[in-house]
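Asks: The file below is query.pdb, PDB, C-alpha atoms:
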ATOM      1  CA  MET A   1      99.149  67.088 -44.875
ATOM      2  CA  ILE A   2      99.702  63.596 -46.311
ATOM      3  CA  GLU A   3      98.865  63.218 -49.998
ATOM      4  CA  PHE A   4      98.114  59.771 -51.395
ATOM      5  CA  SER A   5      98.951  58.552 -54.880
ATOM      6  CA  ALA A   6      96.257  57.926 -57.484
ATOM      7  CA  ASP A   7      96.794  54.141 -57.286
ATOM      8  CA  THR A   8      96.428  54.202 -53.492
ATOM      9  CA  LEU A   9      93.184  56.174 -53.711
ATOM     10  CA  LYS A  10      91.800  53.824 -56.387
ATOM     11  CA  PHE A  11      92.710  50.774 -54.299
ATOM     12  CA  ALA A  12      91.066  52.352 -51.217
ATOM     13  CA  TYR A  13      87.904  53.223 -53.172
ATOM     14  CA  LEU A  14      87.526  49.820 -54.818
ATOM     15  CA  GLY A  15      88.546  48.006 -51.636
ATOM     16  CA  GLY A  16      86.072  49.995 -49.547
ATOM     17  CA  SER A  17      83.348  49.317 -52.104
ATOM     18  CA  GLY A  18      84.135  45.597 -51.888
ATOM     19  CA  ILE A  19      83.878  45.643 -48.084
ATOM     20  CA  VAL A  20      80.519  47.458 -48.250
ATOM     21  CA  ALA A  21      79.281  44.952 -50.864
ATOM     22  CA  GLY A  22      80.358  42.045 -48.649
ATOM     23  CA  PHE A  23      78.625  43.506 -45.590
ATOM     24  CA  LEU A  24      75.368  44.200 -47.440
ATOM     25  CA  THR A  25      75.417  40.704 -48.962
ATOM     26  CA  TRP A  26      75.913  39.159 -45.499
ATOM     27  CA  ASN A  27      73.208  41.434 -44.085
ATOM     28  CA  GLY A  28      70.852  40.234 -46.822
ATOM     29  CA  TRP A  29      71.581  36.624 -45.828
ATOM     30  CA  ARG A  30      70.907  37.447 -42.171
ATOM     31  CA  LYS A  31      67.655  39.331 -42.855
ATOM     32  CA  GLY A  32      66.279  36.875 -45.405
ATOM     33  CA  VAL A  33      64.647  37.500 -48.748
ATOM     34  CA  ALA A  34      61.386  38.949 -47.403
ATOM     35  CA  ARG A  35      62.867  41.623 -45.135
ATOM     36  CA  GLN A  36      65.666  42.450 -47.577
ATOM     37  CA  GLY A  37      63.118  42.714 -50.390
ATOM     38  CA  MET A  38      61.035  45.118 -48.317
ATOM     39  CA  THR A  39      64.134  47.242 -47.689
ATOM     40  CA  LEU A  40      64.760  47.527 -51.415
ATOM     41  CA  LEU A  41      61.062  48.201 -51.989
ATOM     42  CA  ALA A  42      61.183  51.014 -49.425
ATOM     43  CA  ILE A  43      64.159  52.639 -51.207
ATOM     44  CA  ALA A  44      62.607  52.262 -54.680
ATOM     45  CA  SER A  45      59.253  53.581 -53.435
ATOM     46  CA  ALA A  46      60.938  56.558 -51.760
ATOM     47  CA  TYR A  47      62.762  57.440 -54.977
ATOM     48  CA  ALA A  48      59.573  57.096 -57.050
ATOM     49  CA  ALA A  49      57.544  59.160 -54.568
ATOM     50  CA  GLY A  50      60.183  61.896 -54.550
ATOM     51  CA  PHE A  51      60.518  61.998 -58.341
ATOM     52  CA  PHE A  52      56.862  61.773 -59.331
ATOM     53  CA  GLY A  53      55.359  63.462 -56.284
ATOM     54  CA  ARG A  54      57.625  66.500 -56.050
ATOM     55  CA  LYS A  55      55.223  68.833 -57.876
ATOM     56  CA  THR A  56      52.289  67.608 -55.782
ATOM     57  CA  ALA A  57      54.161  68.039 -52.510
ATOM     58  CA  ALA A  58      55.761  71.391 -53.423
ATOM     59  CA  PRO A  59      52.661  73.561 -52.603
ATOM     60  CA  LEU A  60      52.724  72.218 -49.030
ATOM     61  CA  PHE A  61      56.027  74.065 -48.528
ATOM     62  CA  SER A  62      55.079  77.298 -50.290
ATOM     63  CA  PHE A  63      54.815  78.958 -46.859
ATOM     64  CA  LEU A  64      58.637  78.899 -46.722
ATOM     65  CA  GLY A  65      58.680  81.588 -49.419
ATOM     66  CA  TYR A  66      61.301  79.962 -51.667
ATOM     67  CA  PRO A  67      61.181  79.786 -55.495
ATOM     68  CA  ALA A  68      59.265  76.914 -57.100
ATOM     69  CA  PHE A  69      62.355  74.856 -57.952
ATOM     70  CA  VAL A  70      63.523  74.963 -54.307
ATOM     71  CA  THR A  71      60.134  73.945 -52.885
ATOM     72  CA  GLU A  72      60.049  71.100 -55.427
ATOM     73  CA  ILE A  73      63.345  69.787 -54.072
ATOM     74  CA  ILE A  74      62.108  70.090 -50.485
ATOM     75  CA  GLY A  75      58.829  68.380 -51.465
ATOM     76  CA  ALA A  76      60.716  65.546 -53.185
ATOM     77  CA  VAL A  77      62.895  64.929 -50.114
ATOM     78  CA  ALA A  78      59.900  65.030 -47.757
ATOM     79  CA  ALA A  79      57.800  62.683 -49.936
ATOM     80  CA  GLY A  80      60.707  60.271 -50.275
ATOM     81  CA  MET A  81      61.484  60.194 -46.546
ATOM     82  CA  LEU A  82      57.838  59.725 -45.539
ATOM     83  CA  THR A  83      57.425  56.899 -48.063
ATOM     84  CA  TYR A  84      60.593  55.164 -46.868
ATOM     85  CA  ILE A  85      59.515  55.412 -43.220
ATOM     86  CA  ALA A  86      56.016  54.119 -44.030
ATOM     87  CA  VAL A  87      57.201  51.097 -46.054
ATOM     88  CA  ASN A  88      59.863  50.327 -43.451
ATOM     89  CA  ALA A  89      57.229  50.431 -40.677
ATOM     90  CA  VAL A  90      54.989  48.030 -42.604
ATOM     91  CA  SER A  91      57.980  45.725 -43.087
ATOM     92  CA  ARG A  92      58.692  45.649 -39.353
ATOM     93  CA  ILE A  93      55.048  44.816 -38.595
ATOM     94  CA  LEU A  94      54.772  42.070 -41.210
ATOM     95  CA  PHE A  95      58.118  40.437 -40.503
ATOM     96  CA  ARG A  96      58.557  40.462 -36.741
ATOM     97  CA  LYS A  97      61.457  38.473 -35.317
ATOM     98  CA  ASP A  98      59.122  36.415 -33.142
ATOM     99  CA  LYS A  99      57.576  34.721 -36.190
ATOM    100  CA  SER A 100      58.009  30.960 -36.414
ATOM    101  CA  THR A 101      61.406  29.969 -37.811
ATOM    102  CA  PRO A 102      61.235  28.336 -41.289
ATOM    103  CA  GLU A 103      62.547  24.860 -42.020
ATOM    104  CA  PRO A 104      66.356  24.572 -42.431
ATOM    105  CA  LYS A 105      66.231  24.042 -46.235
ATOM    106  CA  GLN A 106      63.744  26.861 -46.630
ATOM    107  CA  SER A 107      65.855  29.073 -44.362
ATOM    108  CA  VAL A 108      68.952  28.503 -46.521
ATOM    109  CA  ARG A 109      66.997  29.265 -49.685
ATOM    110  CA  PHE A 110      65.602  32.461 -48.171
ATOM    111  CA  GLY A 111      69.083  33.429 -46.972
ATOM    112  CA  VAL A 112      70.652  32.933 -50.411
ATOM    113  CA  MET A 113      67.953  34.986 -52.095
ATOM    114  CA  GLY A 114      68.294  37.679 -49.424
ATOM    115  CA  ALA A 115      72.065  37.716 -49.976
ATOM    116  CA  LEU A 116      71.482  38.135 -53.707
ATOM    117  CA  LEU A 117      69.179  41.112 -53.087
ATOM    118  CA  GLY A 118      71.758  42.548 -50.692
ATOM    119  CA  PHE A 119      74.409  42.268 -53.400
ATOM    120  CA  VAL A 120      72.102  43.999 -55.905
ATOM    121  CA  PHE A 121      71.598  46.828 -53.398
ATOM    122  CA  ALA A 122      75.376  47.083 -52.947
ATOM    123  CA  MET A 123      75.866  47.374 -56.721
ATOM    124  CA  PHE A 124      73.261  50.143 -56.836
ATOM    125  CA  LEU A 125      75.124  52.091 -54.134
ATOM    126  CA  PHE A 126      78.412  51.507 -55.964
ATOM    127  CA  VAL A 127      76.975  52.969 -59.186
ATOM    128  CA  VAL A 128      75.646  56.019 -57.303
ATOM    129  CA  SER A 129      79.014  56.562 -55.593
ATOM    130  CA  TYR A 130      80.851  56.162 -58.912
ATOM    131  CA  TYR A 131      78.773  58.869 -60.596
ATOM    132  CA  ALA A 132      79.272  61.140 -57.583
ATOM    133  CA  VAL A 133      83.051  60.638 -57.734
ATOM    134  CA  ARG A 134      83.093  61.230 -61.508
ATOM    135  CA  MET A 135      81.032  64.439 -61.289
ATOM    136  CA  MET A 136      82.907  65.944 -58.329
ATOM    137  CA  GLY A 137      86.245  64.601 -59.557
ATOM    138  CA  THR A 138      85.787  66.258 -62.961
ATOM    139  CA  ILE A 139      85.183  69.640 -61.304
ATOM    140  CA  ALA A 140      88.120  69.068 -58.931
ATOM    141  CA  ALA A 141      90.398  68.155 -61.868
ATOM    142  CA  SER A 142      89.482  71.395 -63.646
ATOM    143  CA  LYS A 143      90.318  73.362 -60.495
ATOM    144  CA  VAL A 144      93.699  71.641 -60.107
ATOM    145  CA  GLN A 145      94.548  72.147 -63.797
ATOM    146  CA  SER A 146      93.603  75.838 -63.635
ATOM    147  CA  VAL A 147      95.791  76.438 -60.560
ATOM    148  CA  ASN A 148      98.749  74.509 -62.017
ATOM    149  CA  ALA A 149      98.498  76.453 -65.284
ATOM    150  CA  GLU A 150      98.553  79.789 -63.413
ATOM    151  CA  LEU A 151     101.486  78.719 -61.249
ATOM    152  CA  GLU A 152     103.450  77.571 -64.307
ATOM    153  CA  ALA A 153     102.697  80.804 -66.160
ATOM    154  CA  SER A 154     103.739  82.933 -63.171
ATOM    155  CA  LYS A 155     107.199  81.271 -63.153
ATOM    156  CA  HIS A 156     107.967  82.609 -66.637
ATOM    157  CA  GLN A 157     106.578  86.114 -66.139
ATOM    158  CA  PRO A 158     108.533  88.976 -64.536
ATOM    159  CA  LYS A 159     107.013  90.153 -61.287
ATOM    160  CA  THR A 160     105.649  93.703 -61.323
ATOM    161  CA  ALA A 161     103.452  95.770 -59.039
ATOM    162  CA  ASN A 162     100.434  94.953 -61.205
ATOM    163  CA  SER A 163     101.186  91.241 -61.528
ATOM    164  CA  HIS A 164      98.228  88.929 -61.129
ATOM    165  CA  THR A 165      98.413  86.905 -57.906
ATOM    166  CA  PRO A 166      98.118  83.178 -58.695
ATOM    167  CA  GLN A 167      95.384  81.121 -57.066
ATOM    168  CA  GLU A 168      96.166  79.294 -53.848
ATOM    169  CA  GLU A 169      97.015  75.606 -54.082
ATOM    170  CA  PRO A 170      93.841  73.466 -53.830
ATOM    171  CA  PRO A 171      93.169  71.548 -50.588
ATOM    172  CA  ALA A 172      94.279  67.898 -50.324
ATOM    173  CA  PHE A 173      90.657  66.746 -50.603
ATOM    174  CA  ILE A 174      90.242  68.453 -54.007
ATOM    175  CA  LYS A 175      93.546  67.016 -55.221
ATOM    176  CA  GLY A 176      92.510  63.573 -53.993
ATOM    177  CA  LEU A 177      89.199  63.721 -55.863
ATOM    178  CA  ALA A 178      91.003  64.763 -59.054
ATOM    179  CA  LYS A 179      93.533  61.911 -58.691
ATOM    180  CA  LEU A 180      90.821  59.340 -57.974
ATOM    181  CA  ASN A 181      88.790  60.479 -60.979
ATOM    182  CA  SER A 182      91.883  60.205 -63.190
ATOM    183  CA  ALA A 183      92.757  56.752 -61.815
ATOM    184  CA  LEU A 184      89.246  55.416 -62.434
ATOM    185  CA  ASN A 185      89.502  56.547 -66.072
ATOM    186  CA  GLU A 186      92.766  54.744 -66.790
ATOM    187  CA  GLY A 187      93.757  51.143 -67.499
ATOM    188  CA  GLN A 188      91.384  48.191 -67.393
ATOM    189  CA  THR A 189      89.276  49.891 -64.733
ATOM    190  CA  GLY A 190      88.713  52.838 -67.053
ATOM    191  CA  GLU A 191      87.808  50.572 -69.989
ATOM    192  CA  PHE A 192      85.211  48.786 -67.852
ATOM    193  CA  PHE A 193      83.643  51.995 -66.512
ATOM    194  CA  HIS A 194      83.537  53.599 -69.973
ATOM    195  CA  LYS A 195      81.511  50.640 -71.236
ATOM    196  CA  VAL A 196      78.928  50.778 -68.436
ATOM    197  CA  ASP A 197      78.826  54.555 -67.865
ATOM    198  CA  ARG A 198      75.495  55.870 -69.205
ATOM    199  CA  VAL A 199      76.217  59.569 -68.649
ATOM    200  CA  PRO A 200      76.951  61.293 -71.999
ATOM    201  CA  PRO A 201      80.648  62.314 -72.278
ATOM    202  CA  ASN A 202      79.663  65.920 -73.059
ATOM    203  CA  VAL A 203      78.240  66.237 -69.515
ATOM    204  CA  TYR A 204      81.674  65.584 -67.988
ATOM    205  CA  ALA A 205      83.257  67.896 -70.579
ATOM    206  CA  MET A 206      80.794  70.647 -69.665
ATOM    207  CA  LEU A 207      81.548  70.232 -65.955
ATOM    208  CA  PHE A 208      85.282  70.384 -66.659
ATOM    209  CA  LYS A 209      84.919  73.610 -68.660
ATOM    210  CA  LEU A 210      82.667  75.099 -65.997
ATOM    211  CA  GLY A 211      85.241  74.330 -63.305
ATOM    212  CA  ILE A 212      88.028  76.011 -65.307
ATOM    213  CA  MET A 213      85.860  79.040 -66.055
ATOM    214  CA  VAL A 214      84.911  79.769 -62.426
ATOM    215  CA  SER A 215      88.526  79.250 -61.290
ATOM    216  CA  SER A 216      89.888  82.118 -63.378
ATOM    217  CA  GLU A 217      88.872  85.773 -63.128
ATOM    218  CA  GLU A 218      89.888  86.364 -66.758
ATOM    219  CA  SER A 219      87.783  83.436 -67.969
ATOM    220  CA  LEU A 220      84.862  84.616 -65.880
ATOM    221  CA  ASP A 221      85.152  88.119 -67.378
ATOM    222  CA  ARG A 222      85.187  86.677 -70.908
ATOM    223  CA  PHE A 223      82.143  84.560 -70.054
ATOM    224  CA  LEU A 224      80.235  87.590 -68.774
ATOM    225  CA  GLY A 225      81.287  89.503 -71.898
ATOM    226  CA  TYR A 226      79.977  86.855 -74.305
ATOM    227  CA  PRO A 227      77.108  88.419 -76.343
ATOM    228  CA  GLY A 228      74.407  86.043 -75.138
ATOM    229  CA  VAL A 229      75.476  86.288 -71.497
ATOM    230  CA  ALA A 230      75.982  90.055 -71.670
ATOM    231  CA  ALA A 231      72.540  90.540 -73.210
ATOM    232  CA  LEU A 232      71.024  88.423 -70.458
ATOM    233  CA  ALA A 233      72.880  90.444 -67.814
ATOM    234  CA  ARG A 234      71.342  93.627 -69.258
ATOM    235  CA  HIS A 235      67.842  92.166 -69.118
ATOM    236  CA  PRO A 236      65.419  94.720 -67.565
ATOM    237  CA  LYS A 237      64.130  92.229 -65.016
ATOM    238  CA  LEU A 238      67.688  91.506 -63.878
ATOM    239  CA  ALA A 239      68.562  95.202 -63.876
ATOM    240  CA  VAL A 240      65.803  95.802 -61.331
ATOM    241  CA  LEU A 241      67.486  93.354 -58.963
ATOM    242  CA  LYS A 242      70.900  94.971 -59.436
ATOM    243  CA  SER A 243      69.514  98.336 -58.346
ATOM    244  CA  ASP A 244      67.660  96.904 -55.347
ATOM    245  CA  ALA A 245      69.394  97.922 -52.092
ATOM    246  CA  THR A 246      67.976  94.969 -50.125
ATOM    247  CA  VAL A 247      69.287  92.422 -52.638
ATOM    248  CA  SER A 248      72.723  94.087 -52.678
ATOM    249  CA  GLU A 249      72.840  94.062 -48.876
ATOM    250  CA  LEU A 250      71.918  90.367 -48.713
ATOM    251  CA  LEU A 251      74.573  89.522 -51.314
ATOM    252  CA  ALA A 252      77.215  91.517 -49.445
ATOM    253  CA  SER A 253      76.403  89.743 -46.169
ATOM    254  CA  LYS A 254      76.218  86.313 -47.950
ATOM    255  CA  SER A 255      72.709  85.741 -46.575
ATOM    256  CA  TYR A 256      71.807  83.357 -49.393
ATOM    257  CA  LEU A 257      68.847  81.692 -47.664
ATOM    258  CA  LYS A 258      67.234  85.069 -47.034
ATOM    259  CA  LEU A 259      68.104  86.052 -50.600
ATOM    260  CA  LEU A 260      66.187  83.059 -51.949
ATOM    261  CA  ARG A 261      63.133  84.210 -50.010
ATOM    262  CA  ASN A 262      63.302  87.766 -51.344
ATOM    263  CA  GLU A 263      60.073  88.550 -53.217
ATOM    264  CA  LYS A 264      61.841  89.912 -56.305
ATOM    265  CA  ILE A 265      64.221  86.934 -56.482
ATOM    266  CA  VAL A 266      61.304  84.505 -56.130
ATOM    267  CA  ALA A 267      59.335  86.317 -58.844
ATOM    268  CA  LEU A 268      62.287  86.224 -61.266
ATOM    269  CA  ALA A 269      63.039  82.563 -60.515
ATOM    270  CA  ASN A 270      59.406  81.659 -61.275
ATOM    271  CA  ASP A 271      59.301  83.789 -64.448
ATOM    272  CA  GLN A 272      58.857  81.332 -67.344
ATOM    273  CA  GLU A 273      59.721  83.908 -70.011
ATOM    274  CA  PHE A 274      63.075  84.670 -68.361
ATOM    275  CA  ALA A 275      63.729  80.927 -67.968
ATOM    276  CA  GLN A 276      63.173  80.390 -71.703
ATOM    277  CA  GLU A 277      65.685  83.126 -72.526
ATOM    278  CA  ILE A 278      68.268  81.382 -70.341
ATOM    279  CA  LYS A 279      67.614  78.052 -72.083
ATOM    280  CA  ALA A 280      67.943  79.706 -75.511
ATOM    281  CA  MET A 281      71.493  80.875 -74.755
ATOM    282  CA  ASP A 282      74.297  78.682 -76.178
ATOM    283  CA  PHE A 283      75.967  77.924 -72.855
ATOM    284  CA  GLU A 284      78.652  75.632 -74.329
ATOM    285  CA  LYS A 285      79.871  78.248 -76.830
ATOM    286  CA  ALA A 286      79.984  80.823 -74.043
ATOM    287  CA  LEU A 287      82.156  78.455 -71.978
ATOM    288  CA  ASP A 288      84.497  77.785 -74.903
ATOM    289  CA  HIS A 289      84.914  81.517 -75.458
ATOM    290  CA  ALA A 290      85.555  82.070 -71.749
ATOM    291  CA  ILE A 291      88.311  79.443 -71.643
ATOM    292  CA  LYS A 292      89.987  79.885 -75.037
ATOM    293  CA  GLY A 293      89.297  83.564 -75.681
ATOM    294  CA  GLY A 294      89.579  84.918 -79.222
ATOM    295  CA  ALA A 295      86.957  86.490 -81.454
ATOM    296  CA  VAL A 296      83.316  85.587 -80.992
ATOM    297  CA  ALA A 297      81.767  83.758 -83.960
ATOM    298  CA  PRO A 298      78.775  85.634 -85.453
TER     299      PRO A 298
END
Output the file's structure in the form of C-alpha cells.
Replies:
Amino acid sequence: MIEFSADTLKFAYLGGSGIVAGFLTWNGWRKGVARQGMTLLAIASAYAAGFFGRKTAAPLFSFLGYPAFVTEIIGAVAAGMLTYIAVNAVSRILFRKDKSTPEPKQSVRFGVMGALLGFVFAMFLFVVSYYAVRMMGTIAASKVQSVNAELEASKHQPKTANSHTPQEEPPAFIKGLAKLNSALNEGQTGEFFHKVDRVPPNVYAMLFKLGIMVSSEESLDRFLGYPGVAALARHPKLAVLKSDATVSELLASKSYLKLLRNEKIVALANDQEFAQEIKAMDFEKALDHAIKGGAVAP
C-alpha cells in the first residue's frame, strides 16, 4: 500500500480544508445572510439542546436498558437531531425561494454577509477537524512508537522458544494519522496551532501514554498491578461480575451491546460510590508506572 510523506499529508489536509472553506463561503453567498444565519442557528441550537437537554431526554430511552451515561449520549444525539430538523424546517418555511427578489444593492449586501457567515462556519468545522486529528493522531503516534520500539528491541535480542512476538506493523491509516499529527505540530504551522489550541497539553500527553500502555502487554500488566488499580480490581462489586457466568460468556463472544444491557453491569455503571473510587485513583501515576516500570512511590 502507498504511504505518503508527512508534508504531503499536511498539504492535503490544509488544501482540503481550504477547498471546503471556499465552498462554504460561496454557498453562504448563494443562500444569503438570512438562510445562512438560520443554518448556523440550527447547528448552534442542536448543540445546545444536546448538551443541556441530555439529562432530560435520557429517561425517554431508559427502556433500552443501558447504563445512565449511555442513555445520556443517546438522549443528547436525539435532542440535537430533532432541534436541527425543527429549526431547519422553520427556515425553509420562512425563506422560500419564491419570495420576491431583493434589490441588486441589497442582494449584494446580503450575499456578502452570507458569505461571511459561511466562512465562519467553515472555520468552526476546521477547528473541530483539527482537534479530531490531534486526538486520534496522538493515540496513533503512541501506537507507532510502541511497535517501532518493540521491533528495534527484537533485533538486538537472541531468538528463543520463549521470545516475545513483536506487534504487527500498524496499518497505513494509523501511520498516516501519526505523520499528519507530527506535521501539524512542526514549523510555522505548529507555532500557529499551539497559540490557538485551547486543549491543555496534559490531555494530549495522557492520550499518548494511554496509547503506549494498551499497545504493550507488559505495560498493561504493570498498570493492572499498580496498587490503586489492583485494589479497584479486587473490589467486591467487581468481583461479583468476574464470577458471573453470563458476563464471562458475553465477554468471550464479544457481545458488547448485550453486555451493556446486563443488569449487573448497568447497576455497577450507575453506582455513584464505585464511580467516586475510580475518580479518586491517580490515573496518571498508574500510567507512568505502566510505561516506565520501577518501584511504586508510597
Asks: Run the PyMOL selection byres ((chain A and resi 180) around 10) mentally over the shown coordinates, then write out the matched residues as a VMD selection string, using the chain letters and numbers from the document.
Replies: chain A and resid 4 to 13 133 to 134 137 to 138 141 174 to 179 181 to 185
Asks: As a check of understanding, name the residues that the PyMOL selection byres ((chain A and resi 73) around 10) selects in the supplied structure, as a short mmCIF file (atom, residue, chain, number, x, y, z; two decimals) with C-alpha atoms, in the frame of the given file.
Replies:
data_model
loop_
_atom_site.label_atom_id
_atom_site.label_comp_id
_atom_site.auth_asym_id
_atom_site.auth_seq_id
_atom_site.Cartn_x
_atom_site.Cartn_y
_atom_site.Cartn_z
CA GLY A 50 60.18 61.90 -54.55
CA PHE A 51 60.52 62.00 -58.34
CA ARG A 54 57.62 66.50 -56.05
CA LYS A 55 55.22 68.83 -57.88
CA ALA A 57 54.16 68.04 -52.51
CA ALA A 58 55.76 71.39 -53.42
CA ALA A 68 59.26 76.91 -57.10
CA PHE A 69 62.36 74.86 -57.95
CA VAL A 70 63.52 74.96 -54.31
CA THR A 71 60.13 73.94 -52.88
CA GLU A 72 60.05 71.10 -55.43
CA ILE A 74 62.11 70.09 -50.48
CA GLY A 75 58.83 68.38 -51.46
CA ALA A 76 60.72 65.55 -53.18
CA VAL A 77 62.90 64.93 -50.11
CA ALA A 78 59.90 65.03 -47.76
CA ALA A 79 57.80 62.68 -49.94
#
Asks: CA of Phe193 (chain A) and CA of Ser17 (chain A) are how many Å apart?
Replies: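 That distance, rounded to one decimal, is 14.7 Å.
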Asks: Any idea what's packed within 8 Å of region 18-31 of chain A, counting only C-alpha atoms, ignoring anything in its chain fewer than 3 positions away? Could you give it as a ChimeraX atom specification?
Replies: /A:14-15,34-36,110-119,121-123
Asks: Using only C-alpha atoms and a cutoff of 7 Å, can you tell me which residues are near (89.9, 79.3, -71.9) in the file's coordinates, and write them out as a PDB file with C-alpha atoms, keeping the file's coordinate frame?
Replies:
ATOM      1  CA  SER A 219      87.783  83.436 -67.969  1.00  0.00           C
ATOM      2  CA  ASP A 288      84.497  77.785 -74.903  1.00  0.00           C
ATOM      3  CA  HIS A 289      84.914  81.517 -75.458  1.00  0.00           C
ATOM      4  CA  ALA A 290      85.555  82.070 -71.749  1.00  0.00           C
ATOM      5  CA  ILE A 291      88.311  79.443 -71.643  1.00  0.00           C
ATOM      6  CA  LYS A 292      89.987  79.885 -75.037  1.00  0.00           C
ATOM      7  CA  GLY A 293      89.297  83.564 -75.681  1.00  0.00           C
TER       8      GLY A 293
END
Asks: Quick one, how far is CA of Glu150 (chain A) from CA of Leu224 (chain A)?
Replies: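 Atom-to-atom, CA of Glu150 (chain A) and CA of Leu224 (chain A) are spaced 20.6 Å apart.
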Asks: Grab all the atoms of region 29-33 of chain A that the file lists, wrap them in a box along x, y and z, add 5 Å per side, and give me centre plus edge lengths in Å (one decimal) as lines of an AutoDock Vina configuration file.
Replies:
center_x = 68.1
center_y = 38.0
center_z = -45.5
size_x = 16.9
size_y = 12.7
size_z = 16.6
Asks: My list of candidates is A:Ala245, A:Lys285, A:Gly211, A:Lys254. Which is closest to Phe223 (chain A) when distances are computed with only C-alpha atoms?
Replies: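 Among A:Ala245, A:Lys285, A:Gly211, A:Lys254, it is A:Lys285 that comes nearest to Phe223 (chain A).
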Asks: On this structure, the PyMOL selection byres ((chain A and resi 266) around 12) would catch which residues? List them as a ChimeraX atom specification, sorted by chain and number.
Replies: /A:62,64-71,241,247,257-265,267-272
Asks: Any idea what the distance is between CA of Tyr84 (chain A) and CA of Met38 (chain A)?
Replies: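 Answer for the CA of Tyr84 (chain A) to CA of Met38 (chain A) separation: 10.2 Å.
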Asks: A:Ala280, A:Val108, A:Ile43, A:Met206: which is nearest Leu82 (chain A), counting all atoms listed in the file?
Replies: A:Ile43
Asks: Tell me which of A:Val203, A:Leu94, A:Ala252, A:Val120 sits closest to Leu40 (chain A), counting only C-alpha atoms.
Replies: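 Among the listed residues, the smallest separation from Leu40 (chain A) belongs to A:Val120.
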Asks: Got a minute to add N, CA and C atoms to region 22-38 of chain A and dump it as a compact mmCIF listing (two decimals), in the frame of the given file?
Replies:
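Final output, selection02.txt:
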# COMPACT_ATOMS: atom_id res chain seq x y z
N GLY A 22 80.34 43.27 -49.46
CA GLY A 22 80.36 42.04 -48.65
C GLY A 22 79.44 42.15 -47.44
N PHE A 23 79.47 43.31 -46.77
CA PHE A 23 78.62 43.51 -45.59
C PHE A 23 77.16 43.47 -45.96
N LEU A 24 76.77 44.16 -47.04
CA LEU A 24 75.37 44.20 -47.44
C LEU A 24 74.89 42.83 -47.92
N THR A 25 75.78 42.07 -48.55
CA THR A 25 75.42 40.70 -48.96
C THR A 25 75.18 39.83 -47.73
N TRP A 26 76.08 39.93 -46.75
CA TRP A 26 75.91 39.16 -45.50
C TRP A 26 74.65 39.60 -44.76
N ASN A 27 74.40 40.91 -44.75
CA ASN A 27 73.21 41.43 -44.08
C ASN A 27 71.94 40.93 -44.76
N GLY A 28 71.99 40.80 -46.10
CA GLY A 28 70.85 40.23 -46.82
C GLY A 28 70.61 38.78 -46.46
N TRP A 29 71.69 38.02 -46.28
CA TRP A 29 71.58 36.62 -45.83
C TRP A 29 70.94 36.56 -44.44
N ARG A 30 71.40 37.45 -43.55
CA ARG A 30 70.91 37.45 -42.17
C ARG A 30 69.44 37.85 -42.10
N LYS A 31 69.03 38.84 -42.90
CA LYS A 31 67.66 39.33 -42.86
C LYS A 31 66.68 38.42 -43.60
N GLY A 32 67.17 37.72 -44.61
CA GLY A 32 66.28 36.88 -45.40
C GLY A 32 65.68 37.64 -46.57
N VAL A 33 65.12 36.89 -47.51
CA VAL A 33 64.65 37.50 -48.75
C VAL A 33 63.48 38.46 -48.52
N ALA A 34 62.59 38.12 -47.59
CA ALA A 34 61.39 38.95 -47.40
C ALA A 34 61.75 40.33 -46.85
N ARG A 35 62.52 40.35 -45.76
CA ARG A 35 62.87 41.62 -45.14
C ARG A 35 63.81 42.44 -46.01
N GLN A 36 64.75 41.74 -46.68
CA GLN A 36 65.67 42.45 -47.58
C GLN A 36 64.90 43.01 -48.78
N GLY A 37 63.94 42.24 -49.28
CA GLY A 37 63.12 42.71 -50.39
C GLY A 37 62.31 43.93 -50.00
N MET A 38 61.79 43.96 -48.78
CA MET A 38 61.04 45.12 -48.32
C MET A 38 61.93 46.35 -48.17
